[in-house]
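Printed here is model-v8.txt (compact mmCIF, C-alpha atoms):
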# COMPACT_ATOMS: atom_id res chain seq x y z
CA MET A 1 40.56 162.67 52.64
CA LYS A 2 37.98 159.89 52.98
CA ILE A 3 40.17 156.93 53.74
CA PHE A 4 38.06 154.66 55.95
CA ARG A 5 36.03 151.53 55.42
CA LYS A 6 32.80 150.88 57.21
CA ILE A 7 32.37 149.13 60.53
CA THR A 8 28.71 149.72 59.83
CA ALA A 9 27.26 151.77 57.01
CA ALA A 10 26.86 154.76 59.25
CA VAL A 11 29.82 154.58 61.63
CA LEU A 12 32.59 154.07 59.13
CA ALA A 13 31.15 156.56 56.56
CA LEU A 14 31.71 158.99 59.48
CA VAL A 15 35.17 157.61 60.42
CA MET A 16 36.31 158.15 56.80
CA LEU A 17 36.01 161.89 57.29
CA LEU A 18 37.98 162.03 60.58
CA LEU A 19 41.45 160.46 60.63
CA SER A 20 44.79 161.71 59.32
CA LEU A 21 48.36 160.53 58.95
CA VAL A 22 51.46 161.74 60.73
CA GLY A 23 55.17 161.02 60.75
CA CYS A 24 58.45 162.04 62.37
CA SER A 25 59.66 160.86 65.78
CA SER A 26 60.16 164.48 66.89
CA LEU A 27 56.38 164.72 67.03
CA GLY A 28 56.00 162.26 69.88
CA THR A 29 56.80 158.69 70.93
CA PRO A 30 56.50 156.35 67.93
CA VAL A 31 53.95 153.55 68.13
CA MET A 32 54.26 152.45 64.49
CA GLU A 33 57.19 152.62 62.09
CA LEU A 34 57.86 151.67 58.48
CA GLY A 35 61.15 152.49 56.80
CA GLY A 36 61.73 155.59 58.91
CA THR A 37 58.12 156.81 58.64
CA GLU A 38 56.47 156.97 62.05
CA ILE A 39 53.08 157.39 63.67
CA THR A 40 53.21 158.61 67.26
CA ALA A 41 51.15 158.09 70.39
CA ASN A 42 50.18 161.76 70.30
CA MET A 43 48.55 161.26 66.93
CA ILE A 44 46.67 158.17 68.06
CA GLU A 45 45.29 160.16 71.00
CA PHE A 46 44.25 163.00 68.70
CA TRP A 47 42.49 160.70 66.22
CA LEU A 48 40.65 158.95 69.01
CA SER A 49 39.58 162.23 70.57
CA ARG A 50 38.28 163.58 67.28
CA TYR A 51 36.35 160.44 66.44
CA LYS A 52 34.92 160.24 69.96
CA ALA A 53 33.43 163.71 69.58
CA GLN A 54 31.91 162.88 66.21
CA PHE A 55 30.52 159.60 67.50
CA GLU A 56 28.93 161.30 70.50
CA HIS A 57 27.51 164.08 68.36
CA TYR A 58 25.89 161.86 65.73
CA TYR A 59 25.12 158.66 67.62
CA GLY A 60 25.43 159.41 71.32
CA GLU A 61 21.75 159.98 72.08
CA ALA A 62 20.62 157.01 69.99
CA VAL A 63 23.15 154.73 71.68
CA ARG A 64 22.19 156.00 75.12
CA LYS A 65 18.52 155.25 74.48
CA GLN A 66 19.13 151.90 72.80
CA TYR A 67 21.16 150.54 75.71
CA GLY A 68 19.27 152.37 78.47
CA LEU A 69 22.32 154.33 79.61
CA ASP A 70 22.46 157.41 81.81
CA LYS A 71 25.34 158.82 79.75
CA VAL A 72 27.19 157.91 76.56
CA ASP A 73 30.47 157.06 78.33
CA GLN A 74 28.76 153.97 79.75
CA PHE A 75 28.67 152.57 76.21
CA TRP A 76 32.40 151.89 75.88
CA PRO A 77 32.75 149.07 78.48
CA LEU A 78 29.75 147.16 77.07
CA VAL A 79 30.68 143.79 75.54
CA ALA A 80 30.52 143.91 71.74
CA ASP A 81 31.56 140.30 71.08
CA PRO A 82 30.53 137.72 73.72
CA ALA A 83 32.78 135.12 72.08
CA THR A 84 35.94 137.13 72.76
CA GLY A 85 34.78 139.43 75.55
CA GLU A 86 35.87 142.46 73.53
CA THR A 87 34.15 145.70 74.48
CA TYR A 88 33.01 148.41 72.12
CA ASP A 89 36.00 150.36 73.40
CA ASP A 90 38.33 147.55 72.27
CA VAL A 91 36.67 147.03 68.90
CA MET A 92 36.32 150.65 67.86
CA SER A 93 39.69 151.75 69.19
CA GLY A 94 41.21 148.72 67.46
CA PHE A 95 39.69 149.77 64.17
CA ILE A 96 41.47 153.10 64.43
CA TYR A 97 44.75 151.33 65.20
CA GLU A 98 44.33 149.23 62.07
CA ASN A 99 43.60 152.27 59.93
CA ALA A 100 46.68 153.96 61.35
CA GLN A 101 48.73 151.25 59.64
CA THR A 102 47.03 152.14 56.37
CA TYR A 103 47.99 155.77 56.85
CA LEU A 104 51.53 154.80 57.78
CA CYS A 105 51.90 152.91 54.53
CA SER A 106 50.40 155.78 52.52
CA LEU A 107 52.84 158.28 53.96
CA TYR A 108 55.73 155.90 53.39
CA LEU A 109 54.76 155.54 49.71
CA PHE A 110 54.45 159.31 49.35
CA ASP A 111 58.11 159.55 50.28
CA GLN A 112 59.14 156.54 48.22
CA PHE A 113 57.63 158.09 45.10
CA GLY A 114 59.57 161.28 45.78
CA LEU A 115 56.42 163.39 45.99
CA SER A 116 56.12 166.81 47.61
CA LEU A 117 53.22 169.11 48.27
CA PRO A 118 52.83 172.31 46.27
CA ALA A 119 53.98 175.40 48.16
CA SER A 120 50.47 176.83 47.83
CA THR A 121 49.02 173.84 49.71
CA VAL A 122 51.51 174.24 52.55
CA GLU A 123 50.70 177.95 52.70
CA GLU A 124 46.96 177.17 52.93
CA VAL A 125 47.59 174.82 55.86
CA ASP A 126 49.74 177.38 57.65
CA THR A 127 47.07 180.03 57.16
CA TYR A 128 44.42 177.67 58.50
CA ILE A 129 46.48 176.87 61.62
CA ALA A 130 47.06 180.58 62.20
CA ASP A 131 43.33 181.24 61.86
CA LEU A 132 42.58 178.52 64.42
CA CYS A 133 45.04 180.08 66.84
CA GLU A 134 43.50 183.50 66.32
CA ASN A 135 39.90 182.29 66.63
CA TYR A 136 40.37 180.03 69.65
CA ALA A 137 43.21 181.75 71.53
CA SER A 138 43.26 185.36 70.27
CA GLY A 139 46.57 184.63 68.54
CA SER A 140 48.36 183.34 71.66
CA LYS A 141 50.41 180.30 70.67
CA SER A 142 51.01 179.29 74.27
CA GLU A 143 47.30 179.43 75.06
CA PHE A 144 46.43 177.53 71.88
CA ASN A 145 49.02 174.85 72.64
CA ALA A 146 47.49 174.46 76.09
CA MET A 147 44.10 173.88 74.48
CA LEU A 148 45.50 171.37 72.02
CA SER A 149 47.29 169.46 74.78
CA ASN A 150 43.90 168.21 75.95
CA TYR A 151 43.89 166.09 72.80
CA GLY A 152 47.55 165.07 72.84
CA VAL A 153 48.92 167.52 70.29
CA SER A 154 50.56 170.91 69.83
CA MET A 155 50.38 173.42 67.01
CA LYS A 156 53.38 171.72 65.42
CA ILE A 157 51.73 168.31 65.49
CA LEU A 158 48.37 169.70 64.35
CA ARG A 159 50.07 171.36 61.39
CA GLU A 160 51.72 168.07 60.49
CA LEU A 161 48.39 166.27 60.70
CA TYR A 162 46.80 168.64 58.21
CA LEU A 163 49.80 168.43 55.92
CA ILE A 164 49.58 164.66 55.96
CA ASP A 165 45.90 164.84 55.02
CA GLU A 166 47.02 166.81 51.99
CA LYS A 167 49.77 164.30 51.23
CA VAL A 168 47.31 161.41 51.21
CA ASP A 169 45.01 163.31 48.83
CA TYR A 170 47.99 164.12 46.66
CA LEU A 171 49.11 160.49 46.61
CA GLU A 172 45.63 159.29 45.67
CA ASN A 173 45.48 161.70 42.74
CA TYR A 174 49.04 160.86 41.74
CA LEU A 175 48.02 157.21 41.43
CA PHE A 176 44.38 157.31 40.33
CA GLY A 177 43.48 160.87 39.41
CA PRO A 178 43.24 162.22 35.84
CA GLY A 179 46.55 161.35 34.17
CA GLY A 180 47.58 159.33 37.23
CA THR A 181 50.28 156.69 37.02
CA LEU A 182 47.66 153.92 37.37
CA GLY A 183 44.40 155.70 36.63
CA VAL A 184 40.85 154.32 36.70
CA THR A 185 40.57 151.73 33.94
CA LYS A 186 37.60 150.21 32.15
CA ILE A 187 38.28 146.98 34.04
CA ASP A 188 38.26 148.87 37.35
CA LYS A 189 34.88 150.38 36.56
CA GLU A 190 33.34 147.11 35.42
CA ASN A 191 34.65 145.21 38.45
CA TYR A 192 33.29 147.76 40.89
CA TYR A 193 29.97 147.88 39.06
CA GLN A 194 29.55 144.10 39.06
CA GLN A 195 30.50 143.79 42.72
CA ASN A 196 28.50 146.69 44.14
CA TYR A 197 25.46 147.39 42.00
CA VAL A 198 22.04 145.79 41.62
CA ARG A 199 19.52 146.54 38.88
CA MET A 200 15.75 146.46 39.18
CA ARG A 201 12.42 147.80 38.04
CA GLN A 202 9.55 148.51 40.40
CA ILE A 203 5.88 149.29 40.86
CA CYS A 204 5.17 151.68 43.74
CA PHE A 205 2.12 152.20 45.94
CA PHE A 206 1.79 154.94 48.54
CA ILE A 207 0.95 153.99 52.12
CA ASN A 208 0.73 156.19 55.21
CA GLU A 209 1.61 159.33 53.20
CA CYS A 210 0.89 160.39 49.63
CA PRO A 211 1.45 163.49 47.46
CA GLU A 212 -1.04 166.36 47.49
CA TYR A 213 -2.63 167.24 44.15
CA ASP A 214 -4.53 170.34 43.02
CA GLU A 215 -7.88 170.36 41.21
CA LYS A 216 -6.08 169.83 37.89
CA GLY A 217 -4.26 166.76 39.15
CA ASN A 218 -0.87 168.44 39.43
CA PRO A 219 1.35 167.89 42.49
CA VAL A 220 1.22 170.70 45.04
CA LEU A 221 4.68 172.12 45.72
CA ASP A 222 6.04 173.68 48.90
CA LYS A 223 8.00 176.94 49.05
CA ASP A 224 11.22 175.10 48.15
CA GLY A 225 9.72 173.46 45.08
CA TYR A 226 9.28 169.98 46.55
CA THR A 227 6.08 167.95 46.36
CA LYS A 228 3.94 168.29 49.47
CA TYR A 229 2.70 165.12 51.16
CA ARG A 230 -0.35 164.47 53.34
CA ASP A 231 -1.22 161.73 55.79
CA MET A 232 -3.35 158.96 54.35
CA THR A 233 -6.35 157.57 56.17
CA THR A 234 -6.33 154.00 57.42
CA ALA A 235 -8.86 153.10 54.73
CA GLU A 236 -6.66 154.63 51.99
CA THR A 237 -3.66 152.63 53.16
CA GLN A 238 -5.72 149.42 53.25
CA GLU A 239 -6.91 150.09 49.70
CA ALA A 240 -3.30 150.61 48.59
CA ARG A 241 -2.31 147.29 50.13
CA ALA A 242 -5.17 145.59 48.30
CA ARG A 243 -4.11 147.11 44.96
CA ALA A 244 -0.53 145.97 45.54
CA ALA A 245 -1.74 142.44 46.30
CA ASP A 246 -3.81 142.41 43.09
CA ALA A 247 -0.86 143.64 41.03
CA LEU A 248 1.49 141.05 42.50
CA LYS A 249 -1.06 138.28 41.93
CA SER A 250 -1.38 139.29 38.28
CA ILE A 251 2.39 139.27 37.75
CA ASN A 252 2.77 135.90 39.46
CA SER A 253 0.00 134.58 37.21
CA GLY A 254 2.01 135.47 34.12
CA SER A 255 1.02 139.05 33.33
CA ASP A 256 3.73 141.28 31.87
CA PHE A 257 5.50 143.32 34.56
CA LEU A 258 5.65 146.48 32.47
CA GLU A 259 1.97 146.27 31.55
CA ILE A 260 1.00 145.86 35.19
CA SER A 261 3.28 148.77 36.03
CA LYS A 262 1.44 151.03 33.58
CA LYS A 263 -1.83 150.10 35.24
CA TYR A 264 -0.86 150.30 38.91
CA ASP A 265 2.31 152.34 39.48
CA GLU A 266 1.66 155.46 41.56
CA ASN A 267 5.12 157.01 41.45
CA PRO A 268 6.16 158.28 38.00
CA THR A 269 9.62 159.36 39.19
CA ASP A 270 11.42 156.43 37.56
CA ASP A 271 9.22 156.13 34.45
CA GLY A 272 11.99 157.68 32.38
CA TYR A 273 14.42 154.88 33.20
CA ALA A 274 13.48 152.35 30.54
CA GLY A 275 16.56 150.25 31.22
CA GLY A 276 15.74 149.86 34.89
CA ILE A 277 17.08 151.39 38.08
CA TYR A 278 20.67 150.80 39.22
CA ILE A 279 21.50 151.05 42.93
CA SER A 280 24.67 150.77 44.99
CA LYS A 281 25.10 151.38 48.70
CA ASP A 282 26.97 154.65 48.08
CA SER A 283 25.54 156.11 44.89
CA ALA A 284 23.59 159.34 45.01
CA MET A 285 20.45 157.39 44.07
CA GLY A 286 20.83 154.94 46.95
CA THR A 287 21.39 156.95 50.07
CA ASP A 288 17.95 157.22 51.67
CA ALA A 289 16.59 154.60 54.06
CA ALA A 290 14.01 153.21 51.62
CA LEU A 291 16.50 152.63 48.82
CA GLU A 292 19.02 151.18 51.25
CA LYS A 293 16.42 148.61 52.35
CA ILE A 294 15.55 147.77 48.74
CA TYR A 295 19.24 147.45 47.90
CA THR A 296 19.78 145.02 50.76
CA GLU A 297 16.79 142.91 49.71
CA LEU A 298 17.89 142.84 46.07
CA GLN A 299 21.33 141.57 47.00
CA SER A 300 19.82 138.32 48.26
CA MET A 301 17.38 137.90 45.36
CA GLU A 302 17.93 135.91 42.17
CA VAL A 303 17.79 137.55 38.74
CA GLY A 304 14.18 137.45 37.58
CA GLN A 305 12.80 137.09 41.10
CA ILE A 306 9.90 139.36 42.05
CA LYS A 307 9.26 140.47 45.62
CA LEU A 308 7.02 142.85 47.58
CA ILE A 309 9.10 145.16 49.79
CA GLU A 310 7.57 147.55 52.30
CA THR A 311 9.30 150.78 53.28
CA GLU A 312 8.05 153.56 55.54
CA ASN A 313 5.67 155.16 53.05
CA ASN A 314 5.63 152.82 50.07
CA LEU A 315 4.99 149.29 48.92
CA HIS A 316 7.42 148.28 46.15
CA ILE A 317 6.91 145.35 43.83
CA VAL A 318 10.44 144.87 42.53
CA GLU A 319 11.92 142.63 39.89
CA LYS A 320 15.65 141.99 39.97
CA LEU A 321 17.24 142.42 36.54
CA GLU A 322 20.57 141.15 35.30
CA LEU A 323 23.40 143.66 35.25
CA ASP A 324 24.26 144.72 31.71
CA GLU A 325 27.91 145.31 30.88
CA GLY A 326 29.10 148.90 30.77
CA ALA A 327 25.91 150.46 32.12
CA TYR A 328 27.97 153.25 33.75
CA ASP A 329 29.05 154.57 30.36
CA LYS A 330 25.51 155.05 29.03
CA THR A 331 24.09 158.56 29.13
CA ALA A 332 20.64 157.26 30.10
CA ASN A 333 22.14 155.88 33.33
CA THR A 334 24.05 158.96 34.47
CA ASP A 335 21.78 159.52 37.48
CA PHE A 336 22.72 156.12 38.92
CA PHE A 337 26.48 156.52 38.62
CA THR A 338 26.99 159.75 40.52
CA PHE A 339 28.09 160.10 44.13
CA TYR A 340 27.82 162.80 46.75
CA ASP A 341 31.16 164.02 48.09
CA PRO A 342 30.58 165.43 51.61
CA GLU A 343 33.99 167.10 51.66
CA LEU A 344 33.32 169.05 48.47
CA GLY A 345 29.57 169.32 49.08
CA GLU A 346 28.88 168.33 45.49
CA ILE A 347 28.07 165.42 43.21
CA THR A 348 31.04 163.63 41.65
CA THR A 349 31.33 161.23 38.73
CA PHE A 350 31.66 157.44 38.82
CA GLU A 351 35.29 157.59 37.71
CA SER A 352 36.18 160.24 40.28
CA TYR A 353 34.43 158.29 43.02
CA LEU A 354 36.37 155.13 42.18
CA LYS A 355 39.68 156.79 43.04
CA GLU A 356 39.14 156.15 46.71
CA PRO A 357 38.23 152.43 46.76
CA LEU A 358 40.99 151.74 44.23
CA PHE A 359 43.45 153.72 46.33
CA LEU A 360 42.46 151.86 49.50
CA GLU A 361 42.85 148.53 47.74
CA TYR A 362 46.27 149.57 46.48
CA ILE A 363 47.37 150.65 49.96
CA ALA A 364 46.06 147.43 51.50
CA GLU A 365 48.08 145.38 49.03
CA SER A 366 51.15 147.53 49.67
CA LEU A 367 50.71 147.17 53.42
CA GLU A 368 50.60 143.41 53.05
CA LYS A 369 53.78 143.58 51.01
CA TYR A 370 55.54 145.62 53.70
CA SER A 371 53.88 143.93 56.70
CA ALA A 372 57.09 142.24 57.84
CA GLU A 373 58.78 145.65 58.03
CA VAL A 374 56.05 147.38 60.03
CA LYS A 375 56.99 147.71 63.70
CA ILE A 376 54.24 148.31 66.27
CA ASP A 377 54.59 149.01 69.98
CA GLU A 378 51.43 147.13 70.99
CA GLU A 379 51.82 147.82 74.69
CA LEU A 380 52.04 151.56 74.21
CA LEU A 381 49.38 151.64 71.50
CA ASN A 382 46.81 149.86 73.64
CA LYS A 383 47.11 152.48 76.37
CA TYR A 384 45.10 154.83 74.16
CA LYS A 385 41.37 154.13 74.08
CA LEU A 386 38.20 155.96 73.15
CA SER A 387 37.01 155.60 76.72
CA THR A 388 39.94 157.53 78.16
CA VAL A 389 40.54 160.36 75.68
CA GLU A 390 38.78 163.72 75.82
CA ALA A 391 36.25 164.31 73.06
CA ASN A 392 37.61 166.83 70.55
CA TYR A 393 34.85 168.86 68.92
CA TYR A 394 37.08 171.62 67.58
CA TYR A 395 40.14 170.65 65.53
For the file at hand, write its structure as structure tokens.
Amino acid sequence: MKIFRKITAAVLALVMLLLSLVGCSSLGTPVMELGGTEITANMIEFWLSRYKAQFEHYYGEAVRKQYGLDKVDQFWPLVADPATGETYDDVMSGFIYENAQTYLCSLYLFDQFGLSLPASTVEEVDTYIADLCENYASGSKSEFNAMLSNYGVSMKILRELYLIDEKVDYLENYLFGPGGTLGVTKIDKENYYQQNYVRMRQICFFINECPEYDEKGNPVLDKDGYTKYRDMTTAETQEARARAADALKSINSGSDFLEISKKYDENPTDDGYAGGIYISKDSAMGTDAALEKIYTELQSMEVGQIKLIETENNLHIVEKLELDEGAYDKTANTDFFTFYDPELGEITTFESYLKEPLFLEYIAESLEKYSAEVKIDEELLNKYKLSTVEANYYY
């Protein structure tokens, strides 16, 4: 269940894959409570331990180098906000505390709606827990519980965590899935589109690297069917910069953008998109570093503005276009309104993707509604920090 928002584009996309919900006071000392639904200290410790491992795995070396540290653990006491004195440990642990309230509310609503998991789902979770016990402890429950205790949980608590993951998924589909009680409406789609997408057209020039071509002018492909690239000479890159400057000068002098594109564009990939290119920060067409940079630049541009943007291996002359209503429903734009789901390992549709942001918005509104009823043991909660838990790479 991807239920997190981003601290940064990278960190929170990761956090969304890591945390779960849990309830029942028998599973540990409660730190949060809403209408009888509880989140315990054991669960907070587990979530922190799991995220710490993921953070170290994906970002540890980069963080160590960036801050000149001998080891990653030295990162946590560094001051993140000089105005408040908060450390990265405070900020990132605090984010997890805040998300725990979101999960608390989700689990509470699951019960309020009278929902229950299918028996097959519960059976799958039980089988998975049994497999973990077999794989890590040769089937010994006592040995497996000893392993899990390093992260604050037992087999019973771990089982509940996985069941709660399933409950959150079930609740999301109950509300916003196909035939859901609220569903994804035309208004939902248009609002998300207007708030998160930009539209452009571009003229591309290769710098530093360019495609290889055979004697017939066809791209040379590697063994996997992808175009092979070669390093460009310094002179070739200088020539490309000169061509880009000429093209931009012509456009600024009143020449038609599309006519100049026909004359200069070196990348035919987007020639088939007559209506322009649509980009969002999360769409399948906007997930590489170059497109992310272009997306960021376009957000600050005015409609009709033209700008030269340099990425690692390209110069892009881009023109920002006005968003046209309902672009997501047009067949010609399908490529721009698909999203990669890392949990499923597949591309999903615009409507399916919108379930999650709509669900999170709904939960946030519900949490605000119930905020006066949420009880939090701040003193106990703040005893659990990323700096003090053991990194959990396994469960």
Excluding region 307-315 of chain A and any residue of its chain fewer than 2 positions from it, enumerate the residues within 10 Å of it, using all atoms listed in the file, and give them as a ChimeraX atom specification. /A:202-210,231-232,237,240-241,244-245,248,266-267,289-294,297-298,301,304-305,317-320
Mind writing the picked residues with C-alpha atoms as a PDB file, in the coordinates of the input?
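What ended up in result_1.pdb:
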ATOM      1  CA  GLN A 202       9.550 148.510  40.400  1.00  0.00           C
ATOM      2  CA  ILE A 203       5.880 149.290  40.860  1.00  0.00           C
ATOM      3  CA  CYS A 204       5.170 151.680  43.740  1.00  0.00           C
ATOM      4  CA  PHE A 205       2.120 152.200  45.940  1.00  0.00           C
ATOM      5  CA  PHE A 206       1.790 154.940  48.540  1.00  0.00           C
ATOM      6  CA  ILE A 207       0.950 153.990  52.120  1.00  0.00           C
ATOM      7  CA  ASN A 208       0.730 156.190  55.210  1.00  0.00           C
ATOM      8  CA  GLU A 209       1.610 159.330  53.200  1.00  0.00           C
ATOM      9  CA  CYS A 210       0.890 160.390  49.630  1.00  0.00           C
ATOM     10  CA  ASP A 231      -1.220 161.730  55.790  1.00  0.00           C
ATOM     11  CA  MET A 232      -3.350 158.960  54.350  1.00  0.00           C
ATOM     12  CA  THR A 237      -3.660 152.630  53.160  1.00  0.00           C
ATOM     13  CA  ALA A 240      -3.300 150.610  48.590  1.00  0.00           C
ATOM     14  CA  ARG A 241      -2.310 147.290  50.130  1.00  0.00           C
ATOM     15  CA  ALA A 244      -0.530 145.970  45.540  1.00  0.00           C
ATOM     16  CA  ALA A 245      -1.740 142.440  46.300  1.00  0.00           C
ATOM     17  CA  LEU A 248       1.490 141.050  42.500  1.00  0.00           C
ATOM     18  CA  GLU A 266       1.660 155.460  41.560  1.00  0.00           C
ATOM     19  CA  ASN A 267       5.120 157.010  41.450  1.00  0.00           C
ATOM     20  CA  ALA A 289      16.590 154.600  54.060  1.00  0.00           C
ATOM     21  CA  ALA A 290      14.010 153.210  51.620  1.00  0.00           C
ATOM     22  CA  LEU A 291      16.500 152.630  48.820  1.00  0.00           C
ATOM     23  CA  GLU A 292      19.020 151.180  51.250  1.00  0.00           C
ATOM     24  CA  LYS A 293      16.420 148.610  52.350  1.00  0.00           C
ATOM     25  CA  ILE A 294      15.550 147.770  48.740  1.00  0.00           C
ATOM     26  CA  GLU A 297      16.790 142.910  49.710  1.00  0.00           C
ATOM     27  CA  LEU A 298      17.890 142.840  46.070  1.00  0.00           C
ATOM     28  CA  MET A 301      17.380 137.900  45.360  1.00  0.00           C
ATOM     29  CA  GLY A 304      14.180 137.450  37.580  1.00  0.00           C
ATOM     30  CA  GLN A 305      12.800 137.090  41.100  1.00  0.00           C
ATOM     31  CA  ILE A 317       6.910 145.350  43.830  1.00  0.00           C
ATOM     32  CA  VAL A 318      10.440 144.870  42.530  1.00  0.00           C
ATOM     33  CA  GLU A 319      11.920 142.630  39.890  1.00  0.00           C
ATOM     34  CA  LYS A 320      15.650 141.990  39.970  1.00  0.00           C
TER      35      LYS A 320
END
Minimum-distance residue to Ile376 (chain A), chosen among A:Gln101, A:Asn196, A:Asn42, A:Asn191 (using all atoms listed in the file):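 For Ile376 (chain A), the nearest of the candidates is A:Gln101.
Nearest residue to Leu360 (chain A) among A:Leu171, A:Tyr97, A:Glu86, A:Tyr162 is A:Leu171, counting only C-alpha atoms.
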The residues within 8 Å of (36.0, 168.9, 64.3), using all atoms listed in the file and the coordinates of the file, should be reported as a PyMOL selection string; which are they? chain A and resi 50+53-54+392-395
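Counting all atoms listed in the file and comparing A:Tyr192, A:Asp377, A:Pro211, A:Ile187, the residue that lies closest to Tyr226 (chain A) is A:Pro211.
CA of Thr296 (chain A) is positioned 9.4 Å from CA of Val198 (chain A).
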When distances are computed from all atoms listed in the file, which of A:Leu367, A:Thr233, A:Met155, A:Glu325 shows the smallest separation from Ala137 (chain A)? A:Met155
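Between Gly94 (chain A) and the residues A:Leu69, A:Leu48, A:Val389, A:Lys216, the shortest atom-to-atom distance, using only C-alpha atoms, involves A:Leu48.
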Counting all atoms listed in the file, the residue of A:Glu239, A:Leu109, A:Val79, A:Phe350 that sits nearest Asp329 (chain A):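 Ranking A:Glu239, A:Leu109, A:Val79, A:Phe350 by distance to Asp329 (chain A), first place goes to A:Phe350.
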For region 160-168 of chain A, what centre and edge lengths in Å (one decimal) does the axis-aligned box get once 4 Å is added on each side of all its listed atoms, as lines of an AutoDock Vina configuration file?
center_x = 48.8
center_y = 165.0
center_z = 56.0
size_x = 13.8
size_y = 15.2
size_z = 17.5
With all atoms listed in the file as the counted atoms, please give the residues lying no more than 12 Å from Tyr136 (chain A), apart from itself and same-chain residues fewer than 3 positions off, as a list of chain:residue names. A:Ile129, A:Ala130, A:Asp131, A:Leu132, A:Cys133, A:Gly139, A:Ser140, A:Lys141, A:Ser142, A:Glu143, A:Phe144, A:Asn145, A:Ala146, A:Met147, A:Leu148, A:Tyr394, A:Tyr395
Export of prior selection with C-alpha atoms as a JSON list (two decimals), in the coordinates of the input:
[["chain", "number", "residue", "atom", "x", "y", "z"],
["A", 129, "ILE", "CA", 46.48, 176.87, 61.62],
["A", 130, "ALA", "CA", 47.06, 180.58, 62.20],
["A", 131, "ASP", "CA", 43.33, 181.24, 61.86],
["A", 132, "LEU", "CA", 42.58, 178.52, 64.42],
["A", 133, "CYS", "CA", 45.04, 180.08, 66.84],
["A", 139, "GLY", "CA", 46.57, 184.63, 68.54],
["A", 140, "SER", "CA", 48.36, 183.34, 71.66],
["A", 141, "LYS", "CA", 50.41, 180.30, 70.67],
["A", 142, "SER", "CA", 51.01, 179.29, 74.27],
["A", 143, "GLU", "CA", 47.30, 179.43, 75.06],
["A", 144, "PHE", "CA", 46.43, 177.53, 71.88],
["A", 145, "ASN", "CA", 49.02, 174.85, 72.64],
["A", 146, "ALA", "CA", 47.49, 174.46, 76.09],
["A", 147, "MET", "CA", 44.10, 173.88, 74.48],
["A", 148, "LEU", "CA", 45.50, 171.37, 72.02],
["A", 394, "TYR", "CA", 37.08, 171.62, 67.58],
["A", 395, "TYR", "CA", 40.14, 170.65, 65.53]]
N, CA and C atoms are needed for region 168-180 of chain A; please write them out as a PDB file, in the coordinates of the input.
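Saved as out-v4.pdb:
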ATOM      1  N   VAL A 168      48.085 162.590  51.591  1.00  0.00           N
ATOM      2  CA  VAL A 168      47.310 161.410  51.210  1.00  0.00           C
ATOM      3  C   VAL A 168      46.435 161.728  49.996  1.00  0.00           C
ATOM      4  N   ASP A 169      45.796 162.895  49.990  1.00  0.00           N
ATOM      5  CA  ASP A 169      45.010 163.310  48.830  1.00  0.00           C
ATOM      6  C   ASP A 169      45.891 163.398  47.581  1.00  0.00           C
ATOM      7  N   TYR A 170      47.059 163.956  47.778  1.00  0.00           N
ATOM      8  CA  TYR A 170      47.990 164.120  46.660  1.00  0.00           C
ATOM      9  C   TYR A 170      48.419 162.762  46.119  1.00  0.00           C
ATOM     10  N   LEU A 171      48.707 161.830  47.020  1.00  0.00           N
ATOM     11  CA  LEU A 171      49.110 160.490  46.610  1.00  0.00           C
ATOM     12  C   LEU A 171      47.991 159.790  45.852  1.00  0.00           C
ATOM     13  N   GLU A 172      46.766 159.922  46.342  1.00  0.00           N
ATOM     14  CA  GLU A 172      45.630 159.290  45.670  1.00  0.00           C
ATOM     15  C   GLU A 172      45.495 159.806  44.243  1.00  0.00           C
ATOM     16  N   ASN A 173      45.595 161.121  44.081  1.00  0.00           N
ATOM     17  CA  ASN A 173      45.480 161.700  42.740  1.00  0.00           C
ATOM     18  C   ASN A 173      46.677 161.346  41.865  1.00  0.00           C
ATOM     19  N   TYR A 174      47.843 161.255  42.480  1.00  0.00           N
ATOM     20  CA  TYR A 174      49.040 160.860  41.740  1.00  0.00           C
ATOM     21  C   TYR A 174      48.865 159.468  41.140  1.00  0.00           C
ATOM     22  N   LEU A 175      48.204 158.582  41.891  1.00  0.00           N
ATOM     23  CA  LEU A 175      48.020 157.210  41.430  1.00  0.00           C
ATOM     24  C   LEU A 175      46.795 157.038  40.545  1.00  0.00           C
ATOM     25  N   PHE A 176      45.644 157.633  40.978  1.00  0.00           N
ATOM     26  CA  PHE A 176      44.380 157.310  40.330  1.00  0.00           C
ATOM     27  C   PHE A 176      43.601 158.504  39.796  1.00  0.00           C
ATOM     28  N   GLY A 177      44.156 159.701  39.941  1.00  0.00           N
ATOM     29  CA  GLY A 177      43.480 160.870  39.410  1.00  0.00           C
ATOM     30  C   GLY A 177      43.646 160.967  37.902  1.00  0.00           C
ATOM     31  N   PRO A 178      43.078 162.013  37.273  1.00  0.00           N
ATOM     32  CA  PRO A 178      43.240 162.220  35.840  1.00  0.00           C
ATOM     33  C   PRO A 178      44.727 162.265  35.467  1.00  0.00           C
ATOM     34  N   GLY A 179      45.144 161.410  34.554  1.00  0.00           N
ATOM     35  CA  GLY A 179      46.550 161.350  34.170  1.00  0.00           C
ATOM     36  C   GLY A 179      47.423 160.680  35.196  1.00  0.00           C
ATOM     37  N   GLY A 180      46.812 160.001  36.188  1.00  0.00           N
ATOM     38  CA  GLY A 180      47.580 159.330  37.230  1.00  0.00           C
ATOM     39  C   GLY A 180      48.400 158.176  36.697  1.00  0.00           C
TER      40      GLY A 180
END
